[in-house]
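*Asks:* One structure, as structure tokens, below. Some questions next.
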Amino acid sequence: MISQKAKYALRALVALAKTGSPDETRLISDIADEQSIPKKFLEQILLDLKHHGIVASRRGKSGGYLLLRQPDHITFGEVLRIIDGPVAPLPCLSRMAYRRCQDCASEERCEIRRVFARVADATRMVLDRTTIADSLAADEQESLGKARLP
């Protein structure tokens, strides 16, 4: 399960991606209200994303946050790893934080590891190939579909 913090991070990035132009900023308070995210929590999340080069902040009259990269270059997997850490279901399957399981005699013969390796591979494939732009496109397709209904 992903954390609430990761869900908020993804929702904030989607909100930033919906701006009209790449240079347009959004105020934290506007994103927080629109996405029902506690403002103080959102500040921490955006700071984490800023430190990882996903967003930038501007001060002044036209201040706020904006994406540093195009939405089609920000994957769900990258964001989840920044916010929640490794996405592997077992420590022995993690690419970022590998640890041998203490109760395992042999990783090569571990039946549990084999099953969860397939789960991890499938999860990584989806998360690392799905971008913020993809979520916007899905949202637009859904809106178009609803508009066509009688």
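In the structure tokens, chains take the letters A, B, ... in the order shown, each chain's residues start at 1, and ligands count up from 1 in the order shown.
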Mind running segment 48-142 of chain A against segment 12-23 of chain A at 10 Å and telling me each contacting residue's nearest atom pair with the distance in Å (one decimal), counting only C-alpha atoms, chain and number ascending, as JSON lines?
*Replies:*
{"residue": "A:Leu49", "atom": "CA", "partner": "A:Leu13", "partner_atom": "CA", "distance": 9.4}
{"residue": "A:Ile54", "atom": "CA", "partner": "A:Leu13", "partner_atom": "CA", "distance": 8.9}
{"residue": "A:Val55", "atom": "CA", "partner": "A:Leu13", "partner_atom": "CA", "distance": 8.5}
{"residue": "A:Tyr65", "atom": "CA", "partner": "A:Leu16", "partner_atom": "CA", "distance": 7.7}
{"residue": "A:Leu66", "atom": "CA", "partner": "A:Leu16", "partner_atom": "CA", "distance": 6.1}
{"residue": "A:Leu67", "atom": "CA", "partner": "A:Leu16", "partner_atom": "CA", "distance": 6.5}
{"residue": "A:Leu68", "atom": "CA", "partner": "A:Pro22", "partner_atom": "CA", "distance": 8.3}
{"residue": "A:Arg69", "atom": "CA", "partner": "A:Pro22", "partner_atom": "CA", "distance": 8.7}
{"residue": "A:Gln70", "atom": "CA", "partner": "A:Pro22", "partner_atom": "CA", "distance": 7.8}
{"residue": "A:Pro71", "atom": "CA", "partner": "A:Ala17", "partner_atom": "CA", "distance": 6.1}
{"residue": "A:Asp72", "atom": "CA", "partner": "A:Ala17", "partner_atom": "CA", "distance": 9.6}
{"residue": "A:Ile74", "atom": "CA", "partner": "A:Leu13", "partner_atom": "CA", "distance": 9.0}
{"residue": "A:Val79", "atom": "CA", "partner": "A:Leu13", "partner_atom": "CA", "distance": 9.4}
{"residue": "A:Thr131", "atom": "CA", "partner": "A:Val14", "partner_atom": "CA", "distance": 9.8}
{"residue": "A:Ile132", "atom": "CA", "partner": "A:Val14", "partner_atom": "CA", "distance": 6.1}
{"residue": "A:Ala133", "atom": "CA", "partner": "A:Ala17", "partner_atom": "CA", "distance": 7.5}
{"residue": "A:Asp134", "atom": "CA", "partner": "A:Val14", "partner_atom": "CA", "distance": 10.0}
{"residue": "A:Ser135", "atom": "CA", "partner": "A:Val14", "partner_atom": "CA", "distance": 7.6}
{"residue": "A:Leu136", "atom": "CA", "partner": "A:Val14", "partner_atom": "CA", "distance": 7.1}
*Asks:* Tell me which protein, DNA and RNA residues are within 10 Å of Cys104 of chain A, counting only C-alpha atoms, leaving out same-chain ones fewer than 5 positions away, and put them as an mmCIF file with N, CA, C and O atoms, in the first residue's frame.
*Replies:*
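Contents of part_33.cif, freshly written:
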data_model
loop_
_atom_site.group_PDB
_atom_site.id
_atom_site.type_symbol
_atom_site.label_atom_id
_atom_site.label_comp_id
_atom_site.auth_asym_id
_atom_site.auth_seq_id
_atom_site.Cartn_x
_atom_site.Cartn_y
_atom_site.Cartn_z
ATOM 1 N N CYS A 92 14.707 -8.466 0.092
ATOM 2 C CA CYS A 92 15.651 -9.164 -0.781
ATOM 3 C C CYS A 92 15.374 -8.909 -2.264
ATOM 4 O O CYS A 92 16.147 -9.319 -3.122
ATOM 5 N N ARG A 109 16.341 -20.697 -3.883
ATOM 6 C CA ARG A 109 15.318 -21.735 -3.717
ATOM 7 C C ARG A 109 14.078 -21.236 -2.982
ATOM 8 O O ARG A 109 13.157 -22.021 -2.726
ATOM 9 N N CYS A 110 14.025 -19.994 -2.651
ATOM 10 C CA CYS A 110 12.909 -19.453 -1.874
ATOM 11 C C CYS A 110 11.659 -19.306 -2.757
ATOM 12 O O CYS A 110 11.626 -18.507 -3.687
ATOM 13 N N ILE A 112 8.713 -18.179 -1.856
ATOM 14 C CA ILE A 112 8.041 -16.899 -1.599
ATOM 15 C C ILE A 112 8.699 -15.805 -2.421
ATOM 16 O O ILE A 112 8.036 -14.988 -3.062
ATOM 17 N N ARG A 113 10.032 -15.783 -2.430
ATOM 18 C CA ARG A 113 10.773 -14.782 -3.190
ATOM 19 C C ARG A 113 10.443 -14.874 -4.687
ATOM 20 O O ARG A 113 10.277 -13.860 -5.358
#
*Asks:* Residues of segment 2-145 of chain A in strand (DSSP E or B) according to DSSP, as number ranges by chain?
*Replies:* A: 26, 55-58, 64-67, 75, 131
*Asks:* Restricting the output to N, CA and C atoms, write the selected residues as an mmCIF file, in the first residue's frame.
*Replies:*
data_model
loop_
_atom_site.group_PDB
_atom_site.id
_atom_site.type_symbol
_atom_site.label_atom_id
_atom_site.label_comp_id
_atom_site.auth_asym_id
_atom_site.auth_seq_id
_atom_site.Cartn_x
_atom_site.Cartn_y
_atom_site.Cartn_z
ATOM 1 N N ARG A 26 1.822 27.716 -9.149
ATOM 2 C CA ARG A 26 0.609 27.526 -8.359
ATOM 3 C C ARG A 26 0.957 27.738 -6.902
ATOM 4 N N VAL A 55 10.189 19.662 -8.722
ATOM 5 C CA VAL A 55 9.508 20.955 -8.730
ATOM 6 C C VAL A 55 10.496 22.047 -8.340
ATOM 7 N N ALA A 56 10.088 23.278 -8.612
ATOM 8 C CA ALA A 56 10.858 24.450 -8.185
ATOM 9 C C ALA A 56 9.891 25.420 -7.541
ATOM 10 N N SER A 57 10.427 26.319 -6.728
ATOM 11 C CA SER A 57 9.590 27.347 -6.121
ATOM 12 C C SER A 57 10.100 28.710 -6.556
ATOM 13 N N ARG A 58 9.170 29.643 -6.628
ATOM 14 C CA ARG A 58 9.500 31.029 -6.947
ATOM 15 C C ARG A 58 8.905 31.923 -5.879
ATOM 16 N N GLY A 64 5.206 30.769 -6.215
ATOM 17 C CA GLY A 64 4.503 29.509 -6.048
ATOM 18 C C GLY A 64 5.390 28.371 -6.511
ATOM 19 N N TYR A 65 4.774 27.250 -6.821
ATOM 20 C CA TYR A 65 5.496 26.067 -7.283
ATOM 21 C C TYR A 65 5.168 25.766 -8.738
ATOM 22 N N LEU A 66 6.134 25.160 -9.422
ATOM 23 C CA LEU A 66 5.946 24.714 -10.789
ATOM 24 C C LEU A 66 6.778 23.464 -11.013
ATOM 25 N N LEU A 67 6.434 22.709 -12.053
ATOM 26 C CA LEU A 67 7.198 21.520 -12.397
ATOM 27 C C LEU A 67 8.512 21.942 -13.044
ATOM 28 N N THR A 75 7.747 9.880 -13.533
ATOM 29 C CA THR A 75 7.000 8.631 -13.404
ATOM 30 C C THR A 75 6.455 8.452 -11.987
ATOM 31 N N THR A 131 3.447 7.896 -16.359
ATOM 32 C CA THR A 131 3.872 9.248 -16.019
ATOM 33 C C THR A 131 2.694 10.092 -15.538
#
*Asks:* With only C-alpha atoms as the basis for distance, which of A:Lys40, A:Arg81, A:Cys101, A:Glu24 is at the shortest distance from Leu10 of chain A?
*Replies:*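 Looking at the shortest contact to Leu10 of chain A, the residue is A:Arg81.
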*Asks:* Just checking: using only C-alpha atoms, which residue out of A:Gln4, A:Thr123, A:Pro86, A:Leu42 ends up closest to Leu27 of chain A?
*Replies:*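 The closest residue to Leu27 of chain A is A:Leu42.
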*Asks:* Write down as a ChimeraX atom specification the residues belonging to segment 83-148 of chain A that are assigned alpha helix (DSSP H) by DSSP computed on the backbone.
*Replies:* /A:83-84,111-129,132-148
*Asks:* Using only C-alpha atoms, which residues sit within 9 Å of Ile2 of chain A once same-chain residues fewer than 6 positions away are excluded, as a ChimeraX atom specification?
*Replies:* /A:80,84,87
*Asks:* Quick one: distance from atom CA of Phe76 of chain A to atom CA of Leu127 of chain A in Å, one decimal?
*Replies:* 5.1 Å
*Asks:* Figure out the distance between atom CA of Ala6 of chain A and atom CA of Ile83 of chain A, please, to one decimal in Å.
*Replies:*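 Interatomic distance here is 5.7 Å.
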*Asks:* Between atom CA of Ala97 of chain A and atom CA of Gly85 of chain A, measure the distance and give it in Å to one decimal.
*Replies:*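 These atoms are spaced 8.5 Å apart.
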*Asks:* Ranking A:Lys39, A:Gly77, A:Leu90, A:Ala120 by minimum distance to Glu107 of chain A and counting only C-alpha atoms, which one comes first?
*Replies:*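 Of all the options, A:Leu90 lies closest to Glu107 of chain A.
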*Asks:* Out of A:Gly63, A:Asp121, A:Met1, A:Pro91, which residue has the shortest atom-to-atom distance to Ser29 of chain A when counting only C-alpha atoms?
*Replies:*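 Of A:Gly63, A:Asp121, A:Met1, A:Pro91, the one nearest Ser29 of chain A, counting only C-alpha atoms, is A:Gly63.
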*Asks:* Which one is closest to Arg11 of chain A: A:Ile37, A:Ile28, A:Met125, A:Val119? Count only C-alpha atoms.
*Replies:*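 Ranking A:Ile37, A:Ile28, A:Met125, A:Val119 by distance to Arg11 of chain A, first place goes to A:Ile37.
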*Asks:* Go through A:Ile31, A:Ile82, A:Ala105, A:Ala88 one by one, measure the shortest atom-to-atom distance of each to Asp48 of chain A using only C-alpha atoms, and give the residue with the smallest value.
*Replies:* A:Ile82
